[in-house]
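J.: To be precise about what I am sending: the file is called start_7.cif and holds mmCIF, N, CA, C and O atoms.
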```
data_work
loop_
_atom_site.label_atom_id
_atom_site.label_comp_id
_atom_site.auth_asym_id
_atom_site.auth_seq_id
_atom_site.Cartn_x
_atom_site.Cartn_y
_atom_site.Cartn_z
N MET A 1200 79.03 135.16 -70.65
CA MET A 1200 78.77 136.46 -71.25
C MET A 1200 77.77 136.27 -72.39
O MET A 1200 77.96 135.41 -73.23
N PRO A 1201 76.68 137.05 -72.43
CA PRO A 1201 75.69 136.91 -73.50
C PRO A 1201 76.32 137.17 -74.88
O PRO A 1201 77.29 137.91 -75.00
N VAL A 1202 75.72 136.54 -75.89
CA VAL A 1202 76.25 136.65 -77.26
C VAL A 1202 76.33 138.10 -77.70
O VAL A 1202 77.31 138.53 -78.30
N PHE A 1203 75.29 138.90 -77.37
CA PHE A 1203 75.31 140.29 -77.82
C PHE A 1203 76.47 141.05 -77.19
O PHE A 1203 77.11 141.86 -77.85
N SER A 1204 76.78 140.77 -75.93
CA SER A 1204 77.90 141.45 -75.27
C SER A 1204 79.21 141.12 -75.96
O SER A 1204 80.07 141.98 -76.12
N ILE A 1205 79.35 139.87 -76.37
CA ILE A 1205 80.56 139.46 -77.09
C ILE A 1205 80.64 140.21 -78.42
O ILE A 1205 81.68 140.76 -78.78
N ALA A 1206 79.52 140.26 -79.14
CA ALA A 1206 79.49 140.96 -80.43
C ALA A 1206 79.80 142.44 -80.23
O ALA A 1206 80.55 143.04 -81.00
N ALA A 1207 79.20 143.04 -79.19
CA ALA A 1207 79.42 144.47 -78.94
C ALA A 1207 80.89 144.74 -78.66
O ALA A 1207 81.46 145.71 -79.18
N SER A 1208 81.52 143.89 -77.87
CA SER A 1208 82.94 144.13 -77.58
C SER A 1208 83.78 144.00 -78.85
O SER A 1208 84.77 144.72 -79.01
N CYS A 1209 83.37 143.13 -79.77
CA CYS A 1209 84.11 142.97 -81.03
C CYS A 1209 84.05 144.24 -81.88
O CYS A 1209 85.06 144.71 -82.37
N TRP A 1210 82.84 144.81 -82.07
CA TRP A 1210 82.78 145.99 -82.93
C TRP A 1210 83.37 147.21 -82.27
O TRP A 1210 83.90 148.09 -82.93
N LEU A 1211 83.33 147.29 -80.94
CA LEU A 1211 83.98 148.42 -80.26
C LEU A 1211 85.49 148.32 -80.41
O LEU A 1211 86.17 149.33 -80.63
N LYS A 1212 86.02 147.09 -80.35
CA LYS A 1212 87.47 146.91 -80.53
C LYS A 1212 87.88 147.23 -81.96
O LYS A 1212 88.90 147.89 -82.19
N LYS A 1213 87.09 146.78 -82.93
CA LYS A 1213 87.42 147.05 -84.34
C LYS A 1213 87.42 148.54 -84.62
O LYS A 1213 88.25 149.05 -85.36
N ALA A 1214 86.46 149.27 -84.04
CA ALA A 1214 86.37 150.71 -84.26
C ALA A 1214 87.40 151.45 -83.41
O ALA A 1214 87.72 152.60 -83.69
N ASN A 1215 87.92 150.77 -82.37
CA ASN A 1215 88.87 151.37 -81.45
C ASN A 1215 88.33 152.67 -80.83
O ASN A 1215 89.06 153.62 -80.64
N SER A 1216 86.98 152.65 -80.57
CA SER A 1216 86.36 153.85 -80.02
C SER A 1216 84.97 153.52 -79.49
O SER A 1216 84.32 152.60 -79.98
N SER A 1217 84.53 154.29 -78.52
CA SER A 1217 83.15 154.17 -78.06
C SER A 1217 82.31 155.32 -78.61
O SER A 1217 81.17 155.51 -78.21
N ASP A 1218 82.88 156.07 -79.56
CA ASP A 1218 82.18 157.18 -80.21
C ASP A 1218 81.30 156.61 -81.32
O ASP A 1218 81.81 155.96 -82.25
N PRO A 1219 79.95 156.83 -81.25
CA PRO A 1219 79.06 156.29 -82.28
C PRO A 1219 79.46 156.67 -83.71
O PRO A 1219 79.31 155.86 -84.62
N ALA A 1220 79.99 157.83 -83.90
CA ALA A 1220 80.40 158.25 -85.25
C ALA A 1220 81.48 157.32 -85.79
O ALA A 1220 81.60 157.14 -87.01
N LYS A 1221 82.22 156.67 -84.89
CA LYS A 1221 83.30 155.78 -85.32
C LYS A 1221 82.89 154.31 -85.31
O LYS A 1221 83.36 153.54 -86.14
N TYR A 1222 82.03 153.89 -84.38
CA TYR A 1222 81.73 152.45 -84.31
C TYR A 1222 80.49 152.03 -85.09
O TYR A 1222 80.31 150.85 -85.35
N LEU A 1223 79.61 152.95 -85.50
CA LEU A 1223 78.39 152.55 -86.19
C LEU A 1223 78.66 151.83 -87.51
O LEU A 1223 77.94 150.90 -87.88
N SER A 1224 79.72 152.23 -88.22
CA SER A 1224 80.03 151.54 -89.49
C SER A 1224 80.43 150.09 -89.23
O SER A 1224 80.12 149.20 -90.02
N GLU A 1225 81.10 149.82 -88.11
CA GLU A 1225 81.46 148.44 -87.74
C GLU A 1225 80.22 147.67 -87.29
O GLU A 1225 80.05 146.51 -87.63
N LEU A 1226 79.36 148.32 -86.55
CA LEU A 1226 78.14 147.68 -86.07
C LEU A 1226 77.27 147.24 -87.24
O LEU A 1226 76.69 146.16 -87.23
N ALA A 1227 77.18 148.06 -88.28
CA ALA A 1227 76.34 147.75 -89.44
C ALA A 1227 76.83 146.51 -90.19
O ALA A 1227 76.07 145.90 -90.95
N LYS A 1228 78.05 146.09 -89.97
CA LYS A 1228 78.62 144.91 -90.64
C LYS A 1228 78.28 143.61 -89.90
O LYS A 1228 78.48 142.53 -90.43
N ILE A 1229 77.78 143.73 -88.68
CA ILE A 1229 77.52 142.55 -87.86
C ILE A 1229 76.19 141.90 -88.24
O ILE A 1229 75.18 142.58 -88.43
N SER A 1230 76.19 140.59 -88.35
CA SER A 1230 74.98 139.81 -88.59
C SER A 1230 75.22 138.41 -88.03
O SER A 1230 76.22 137.77 -88.37
N PHE A 1231 74.35 137.97 -87.15
CA PHE A 1231 74.48 136.63 -86.60
C PHE A 1231 73.11 136.12 -86.17
O PHE A 1231 72.17 136.87 -86.01
N LYS A 1232 73.01 134.81 -85.99
CA LYS A 1232 71.78 134.16 -85.56
C LYS A 1232 71.76 134.15 -84.04
O LYS A 1232 72.65 133.58 -83.42
N GLY A 1233 70.76 134.79 -83.46
CA GLY A 1233 70.63 134.84 -82.01
C GLY A 1233 69.40 134.09 -81.55
O GLY A 1233 68.67 133.51 -82.35
N ALA A 1234 69.14 134.13 -80.25
CA ALA A 1234 68.00 133.43 -79.69
C ALA A 1234 66.67 133.97 -80.20
O ALA A 1234 65.68 133.26 -80.24
N THR A 1235 66.64 135.24 -80.59
CA THR A 1235 65.40 135.85 -81.08
C THR A 1235 65.34 135.92 -82.60
O THR A 1235 64.45 136.55 -83.15
N GLY A 1236 66.28 135.28 -83.27
CA GLY A 1236 66.30 135.31 -84.74
C GLY A 1236 67.57 135.97 -85.24
O GLY A 1236 68.55 136.09 -84.51
N GLN A 1237 67.54 136.39 -86.48
CA GLN A 1237 68.71 137.02 -87.09
C GLN A 1237 68.94 138.39 -86.46
O GLN A 1237 68.01 139.19 -86.34
N ILE A 1238 70.17 138.66 -86.06
CA ILE A 1238 70.53 139.92 -85.44
C ILE A 1238 71.42 140.68 -86.41
O ILE A 1238 72.47 140.18 -86.83
N SER A 1239 70.98 141.87 -86.80
CA SER A 1239 71.79 142.74 -87.64
C SER A 1239 71.34 144.18 -87.37
O SER A 1239 70.29 144.41 -86.77
N PHE A 1240 72.16 145.12 -87.81
CA PHE A 1240 71.92 146.52 -87.49
C PHE A 1240 71.98 147.40 -88.73
O PHE A 1240 72.69 147.09 -89.68
N ASP A 1241 71.24 148.51 -88.71
CA ASP A 1241 71.29 149.45 -89.83
C ASP A 1241 72.39 150.48 -89.58
O ASP A 1241 73.11 150.41 -88.58
N GLU A 1242 72.51 151.44 -90.47
CA GLU A 1242 73.58 152.43 -90.39
C GLU A 1242 73.45 153.36 -89.19
O GLU A 1242 74.40 154.01 -88.77
N LYS A 1243 72.27 153.41 -88.56
CA LYS A 1243 72.06 154.24 -87.36
C LYS A 1243 72.30 153.44 -86.08
O LYS A 1243 72.19 153.98 -84.99
N GLY A 1244 72.58 152.13 -86.21
CA GLY A 1244 72.81 151.30 -85.04
C GLY A 1244 71.55 150.65 -84.50
O GLY A 1244 71.58 150.00 -83.47
N ASP A 1245 70.42 150.81 -85.21
CA ASP A 1245 69.17 150.19 -84.79
C ASP A 1245 69.10 148.76 -85.30
O ASP A 1245 69.58 148.47 -86.40
N ARG A 1246 68.50 147.87 -84.51
CA ARG A 1246 68.31 146.49 -84.95
C ARG A 1246 67.42 146.47 -86.18
O ARG A 1246 66.37 147.10 -86.20
N LYS A 1247 67.82 145.73 -87.18
CA LYS A 1247 66.96 145.52 -88.35
C LYS A 1247 65.89 144.52 -87.96
O LYS A 1247 66.17 143.53 -87.30
N ASP A 1248 64.68 144.78 -88.37
CA ASP A 1248 63.54 143.88 -88.15
C ASP A 1248 63.35 143.51 -86.69
O ASP A 1248 62.94 142.40 -86.37
N ALA A 1249 63.67 144.44 -85.79
CA ALA A 1249 63.45 144.18 -84.37
C ALA A 1249 61.95 144.21 -84.08
O ALA A 1249 61.19 144.89 -84.76
N GLU A 1250 61.54 143.47 -83.10
CA GLU A 1250 60.14 143.42 -82.70
C GLU A 1250 60.04 143.85 -81.25
O GLU A 1250 60.81 143.40 -80.41
N MET A 1251 59.12 144.76 -80.97
CA MET A 1251 58.94 145.26 -79.62
C MET A 1251 57.45 145.31 -79.32
O MET A 1251 56.67 145.78 -80.14
N THR A 1252 57.06 144.81 -78.16
CA THR A 1252 55.66 144.84 -77.74
C THR A 1252 55.49 145.91 -76.67
O THR A 1252 56.28 145.97 -75.72
N ILE A 1253 54.48 146.75 -76.85
CA ILE A 1253 54.17 147.80 -75.89
C ILE A 1253 53.06 147.29 -74.97
O ILE A 1253 52.05 146.78 -75.44
N PHE A 1254 53.26 147.41 -73.66
CA PHE A 1254 52.30 146.93 -72.67
C PHE A 1254 51.75 148.09 -71.86
O PHE A 1254 52.37 149.14 -71.76
N THR A 1255 50.59 147.87 -71.26
CA THR A 1255 50.01 148.78 -70.29
C THR A 1255 49.58 147.95 -69.09
O THR A 1255 49.45 146.73 -69.20
N MET A 1256 49.39 148.61 -67.95
CA MET A 1256 48.86 147.92 -66.78
C MET A 1256 47.34 148.05 -66.80
O MET A 1256 46.80 149.14 -66.96
N LYS A 1257 46.65 146.92 -66.73
CA LYS A 1257 45.20 146.91 -66.74
C LYS A 1257 44.74 145.97 -65.64
O LYS A 1257 45.07 144.79 -65.68
N ASP A 1258 44.00 146.50 -64.69
CA ASP A 1258 43.51 145.69 -63.56
C ASP A 1258 44.67 144.98 -62.85
O ASP A 1258 44.56 143.81 -62.47
N GLY A 1259 45.79 145.66 -62.72
CA GLY A 1259 46.94 145.09 -62.02
C GLY A 1259 47.73 144.08 -62.80
O GLY A 1259 48.61 143.43 -62.26
N LYS A 1260 47.42 143.92 -64.10
CA LYS A 1260 48.13 142.95 -64.94
C LYS A 1260 48.67 143.65 -66.18
O LYS A 1260 48.09 144.62 -66.65
N LEU A 1261 49.77 143.11 -66.71
CA LEU A 1261 50.30 143.63 -67.96
C LEU A 1261 49.40 143.18 -69.11
O LEU A 1261 49.03 142.02 -69.19
N ALA A 1262 49.08 144.13 -69.99
CA ALA A 1262 48.25 143.81 -71.16
C ALA A 1262 48.92 144.40 -72.39
O ALA A 1262 49.23 145.59 -72.42
N PRO A 1263 49.18 143.58 -73.43
CA PRO A 1263 49.81 144.10 -74.64
C PRO A 1263 48.84 145.01 -75.39
O PRO A 1263 47.64 144.71 -75.48
N ILE A 1264 49.35 146.13 -75.92
CA ILE A 1264 48.47 147.04 -76.67
C ILE A 1264 48.94 147.28 -78.10
O ILE A 1264 48.14 147.61 -78.95
N ALA A 1265 50.25 147.12 -78.36
CA ALA A 1265 50.75 147.35 -79.72
C ALA A 1265 52.05 146.60 -79.92
O ALA A 1265 52.73 146.23 -78.97
N VAL A 1266 52.38 146.39 -81.20
CA VAL A 1266 53.64 145.74 -81.57
C VAL A 1266 54.30 146.59 -82.64
O VAL A 1266 53.66 147.04 -83.59
N ILE A 1267 55.61 146.82 -82.46
CA ILE A 1267 56.40 147.54 -83.46
C ILE A 1267 57.33 146.51 -84.07
O ILE A 1267 58.07 145.84 -83.37
N LYS A 1268 57.27 146.36 -85.38
CA LYS A 1268 58.14 145.41 -86.09
C LYS A 1268 58.49 146.00 -87.44
O LYS A 1268 57.61 146.43 -88.17
N GLY A 1269 59.76 146.00 -87.75
CA GLY A 1269 60.21 146.51 -89.04
C GLY A 1269 59.82 147.97 -89.25
O GLY A 1269 59.53 148.38 -90.36
N GLY A 1270 59.79 148.74 -88.16
CA GLY A 1270 59.47 150.16 -88.26
C GLY A 1270 57.99 150.47 -88.38
O GLY A 1270 57.61 151.62 -88.54
N LYS A 1271 57.14 149.45 -88.32
CA LYS A 1271 55.70 149.66 -88.44
C LYS A 1271 55.02 149.29 -87.12
O LYS A 1271 55.40 148.32 -86.49
N THR A 1272 54.02 150.08 -86.75
CA THR A 1272 53.28 149.83 -85.51
C THR A 1272 51.90 149.30 -85.83
O THR A 1272 51.22 149.83 -86.70
N ALA A 1273 51.50 148.25 -85.13
CA ALA A 1273 50.16 147.67 -85.30
C ALA A 1273 49.57 147.43 -83.92
O ALA A 1273 50.30 147.18 -82.97
N SER A 1274 48.25 147.51 -83.84
CA SER A 1274 47.62 147.16 -82.57
C SER A 1274 47.94 145.70 -82.29
O SER A 1274 48.18 144.91 -83.21
N TYR A 1275 47.93 145.33 -81.04
CA TYR A 1275 48.25 143.95 -80.68
C TYR A 1275 47.29 142.98 -81.35
O TYR A 1275 47.69 141.94 -81.87
N GLU A 1276 46.00 143.32 -81.36
CA GLU A 1276 44.99 142.44 -81.97
C GLU A 1276 45.27 142.25 -83.46
O GLU A 1276 45.22 141.13 -83.97
N ASP A 1277 45.60 143.34 -84.17
CA ASP A 1277 45.88 143.23 -85.61
C ASP A 1277 47.14 142.41 -85.85
O ASP A 1277 47.22 141.63 -86.79
N PHE A 1278 48.16 142.59 -84.99
CA PHE A 1278 49.40 141.84 -85.14
C PHE A 1278 49.15 140.34 -84.97
O PHE A 1278 49.64 139.52 -85.74
N VAL A 1279 48.34 139.98 -83.97
CA VAL A 1279 48.04 138.56 -83.73
C VAL A 1279 47.27 137.98 -84.90
O VAL A 1279 47.58 136.89 -85.38
N LYS A 1280 46.28 138.74 -85.41
CA LYS A 1280 45.51 138.25 -86.57
C LYS A 1280 46.42 138.03 -87.77
O LYS A 1280 46.32 137.02 -88.46
N ALA A 1281 47.32 138.98 -88.02
CA ALA A 1281 48.21 138.87 -89.18
C ALA A 1281 49.23 137.75 -89.00
O ALA A 1281 49.74 137.21 -89.99
N SER A 1282 49.52 137.37 -87.77
CA SER A 1282 50.50 136.32 -87.49
C SER A 1282 49.92 134.92 -87.58
O SER A 1282 50.65 133.94 -87.61
N GLN A 1283 48.59 134.82 -87.58
CA GLN A 1283 47.95 133.51 -87.64
C GLN A 1283 48.16 132.88 -89.01
O GLN A 1283 48.09 133.57 -90.03
N PRO A 1284 48.42 131.59 -89.07
CA PRO A 1284 48.55 130.93 -90.38
C PRO A 1284 47.21 131.00 -91.11
O PRO A 1284 46.15 130.96 -90.49
N ALA A 1285 47.29 131.12 -92.41
CA ALA A 1285 46.07 131.16 -93.22
C ALA A 1285 45.37 129.81 -93.11
O ALA A 1285 46.02 128.76 -93.07
N PRO A 1286 44.05 129.82 -93.05
CA PRO A 1286 43.34 128.54 -92.98
C PRO A 1286 43.60 127.73 -94.24
O PRO A 1286 43.72 128.28 -95.33
N ALA A 1287 43.72 126.45 -94.06
CA ALA A 1287 43.97 125.57 -95.20
C ALA A 1287 42.77 125.62 -96.14
O ALA A 1287 41.62 125.72 -95.71
N ALA A 1288 43.05 125.57 -97.42
CA ALA A 1288 41.96 125.58 -98.40
C ALA A 1288 41.14 124.31 -98.23
O ALA A 1288 41.67 123.22 -98.04
N ALA A 1289 39.85 124.48 -98.26
CA ALA A 1289 38.96 123.33 -98.09
C ALA A 1289 39.08 122.42 -99.30
O ALA A 1289 39.14 122.88 -100.44
N ALA A 1290 39.13 121.14 -99.04
CA ALA A 1290 39.19 120.16 -100.13
C ALA A 1290 37.84 120.16 -100.83
O ALA A 1290 36.80 120.37 -100.20
N PRO A 1291 37.83 119.92 -102.14
CA PRO A 1291 36.54 119.87 -102.84
C PRO A 1291 35.66 118.78 -102.24
O PRO A 1291 36.15 117.73 -101.84
N ALA A 1292 34.40 119.06 -102.17
CA ALA A 1292 33.47 118.09 -101.60
C ALA A 1292 33.39 116.86 -102.49
O ALA A 1292 33.38 116.96 -103.71
N ALA A 1293 33.37 115.72 -101.84
CA ALA A 1293 33.24 114.46 -102.59
C ALA A 1293 31.82 114.37 -103.13
O ALA A 1293 30.88 114.83 -102.50
N PRO A 1294 31.66 113.78 -104.33
CA PRO A 1294 30.30 113.64 -104.86
C PRO A 1294 29.46 112.77 -103.93
O PRO A 1294 29.97 111.84 -103.31
N ALA A 1295 28.22 113.09 -103.83
CA ALA A 1295 27.32 112.32 -102.96
C ALA A 1295 27.14 110.93 -103.55
O ALA A 1295 27.08 110.75 -104.76
N PRO A 1296 27.07 109.91 -102.69
CA PRO A 1296 26.87 108.55 -103.21
C PRO A 1296 25.50 108.44 -103.87
O PRO A 1296 24.56 109.14 -103.49
N ALA A 1297 25.42 107.58 -104.85
CA ALA A 1297 24.15 107.38 -105.54
C ALA A 1297 23.14 106.81 -104.55
O ALA A 1297 23.45 105.95 -103.75
N ALA A 1298 21.93 107.32 -104.62
CA ALA A 1298 20.89 106.86 -103.71
C ALA A 1298 20.43 105.47 -104.11
O ALA A 1298 20.29 105.16 -105.29
N GLU A 1299 20.25 104.64 -103.13
CA GLU A 1299 19.74 103.29 -103.40
C GLU A 1299 18.22 103.35 -103.36
O GLU A 1299 17.64 104.05 -102.55
N PRO A 1300 17.57 102.61 -104.26
CA PRO A 1300 16.11 102.63 -104.24
C PRO A 1300 15.59 101.98 -102.96
O PRO A 1300 16.23 101.09 -102.40
N ALA A 1301 14.47 102.45 -102.54
CA ALA A 1301 13.85 101.88 -101.35
C ALA A 1301 13.49 100.43 -101.62
O ALA A 1301 13.18 100.04 -102.75
N LYS A 1302 13.51 99.59 -100.60
CA LYS A 1302 13.25 98.16 -100.77
C LYS A 1302 11.84 97.88 -101.30
O LYS A 1302 11.63 96.96 -102.05
N ASP A 1303 10.89 98.70 -100.89
CA ASP A 1303 9.52 98.43 -101.32
C ASP A 1303 9.13 99.26 -102.55
O ASP A 1303 7.98 99.29 -102.95
N ALA A 1304 10.11 99.94 -103.18
CA ALA A 1304 9.80 100.73 -104.37
C ALA A 1304 9.56 99.79 -105.55
O ALA A 1304 10.21 98.76 -105.68
N PRO A 1305 8.60 100.15 -106.44
CA PRO A 1305 8.35 99.28 -107.61
C PRO A 1305 9.55 99.29 -108.52
O PRO A 1305 10.20 100.30 -108.71
N LYS A 1306 9.85 98.15 -109.09
CA LYS A 1306 10.99 98.02 -110.00
C LYS A 1306 10.50 98.33 -111.41
O LYS A 1306 9.42 97.96 -111.81
N ALA A 1307 11.37 99.02 -112.13
CA ALA A 1307 11.03 99.32 -113.51
C ALA A 1307 11.19 98.04 -114.33
O ALA A 1307 12.13 97.26 -114.13
N GLU A 1308 10.24 97.82 -115.23
CA GLU A 1308 10.34 96.64 -116.05
C GLU A 1308 11.21 96.91 -117.23
O GLU A 1308 11.18 97.98 -117.83
N ALA A 1309 12.03 95.94 -117.54
CA ALA A 1309 12.94 96.10 -118.68
C ALA A 1309 12.12 95.93 -119.96
O ALA A 1309 11.26 95.09 -120.04
N LYS A 1310 12.40 96.77 -120.94
CA LYS A 1310 11.69 96.68 -122.23
C LYS A 1310 12.31 95.57 -123.04
O LYS A 1310 13.51 95.39 -123.06
N LYS A 1311 11.44 94.85 -123.73
CA LYS A 1311 11.92 93.74 -124.56
C LYS A 1311 11.90 94.10 -125.98
O LYS A 1311 11.20 94.78 -126.54
#
```
Could you rewrite the structure in this file as structure tokens?
T.:
Amino acid sequence: MPVFSIAASCWLKKANSSDPAKYLSELAKISFKGATGQISFDEKGDRKDAEMTIFTMKDGKLAPIAVIKGGKTASYEDFVKASQPAPAAAAPAAPAPAAEPAKDAPKAEAKK
């Protein structure tokens, strides 16, 4: 039996009802680590911080077009860009090595 089914049967038993007006308060108390991350619910019974991808059929293939996460909708492209790790800060450039004089360059005479 999937973990969510077990959790659902627990809150339905605690509420002793399948009426949302009675079981939603029990559902809002549930929080556990699932395969997709932390699972918890708000007072309306909606998953907190749930992520949903909206797809369309394009040329006979599924193509993602938007992502809904935390109640906010973003285009798929914007979501992917925002999910990318920030590029590492470039290390400061090392000082250039001192140039060696050419072998046939005249040598400066030392002053006496």
J.: One decimal, in Å: what's the spacing between atom O of A:Pro1263 and atom O of A:Arg1246?
T.: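 Atom O of A:Arg1246 lies at a distance of 21.7 Å from atom O of A:Pro1263.
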J.: Quick one: residues within 8 Å of A:Ser1239, all atoms listed in the file, excluding same-chain residues fewer than 6 positions away - as a list in words?
T.: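 Non-adjacent residues within range: Leu1226, Ala1227, Lys1228, Ile1229, Ser1230, Phe1231, Lys1232, Gly1233, Asp1245, Arg1246, Lys1247, Asp1248 and Ala1249 of chain A.
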J.: Could you give me, as a CSV table (one decimal) with N, CA, C and O atoms, keeping the file's coordinate frame, the residues within 8 Å of A:Lys1213, counting only C-alpha atoms and dropping anything in the same chain fewer than 4 positions from it?
T.:
```
chain,number,residue,atom,x,y,z
A,1209,CYS,N,83.4,143.1,-79.8
A,1209,CYS,CA,84.1,143.0,-81.0
A,1209,CYS,C,84.0,144.2,-81.9
A,1209,CYS,O,85.1,144.7,-82.4
A,1222,TYR,N,82.0,153.9,-84.4
A,1222,TYR,CA,81.7,152.4,-84.3
A,1222,TYR,C,80.5,152.0,-85.1
A,1222,TYR,O,80.3,150.8,-85.4
A,1225,GLU,N,81.1,149.8,-88.1
A,1225,GLU,CA,81.5,148.4,-87.7
A,1225,GLU,C,80.2,147.7,-87.3
A,1225,GLU,O,80.0,146.5,-87.6
```
J.: Could you state which residues are captured by the PyMOL selection byres ((chain A and resi 1242) around 6) in this file, as a list of chain:residue names?
T.: A:Leu1223, A:Ser1224, A:Ala1227, A:Phe1240, A:Asp1241, A:Lys1243, A:Gly1244, A:Asp1245
J.: Apply the PyMOL selection byres ((chain A and resi 1268) around 7) to the file shown and report the selected residues as a list in words.
T.: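 On the file shown, the PyMOL selection byres ((chain A and resi 1268) around 7) covers Asp1248, Ala1249, Glu1250, Met1251, Val1266, Ile1267, Gly1269, Gly1270, Lys1271, Thr1272 and Ala1273 of chain A.
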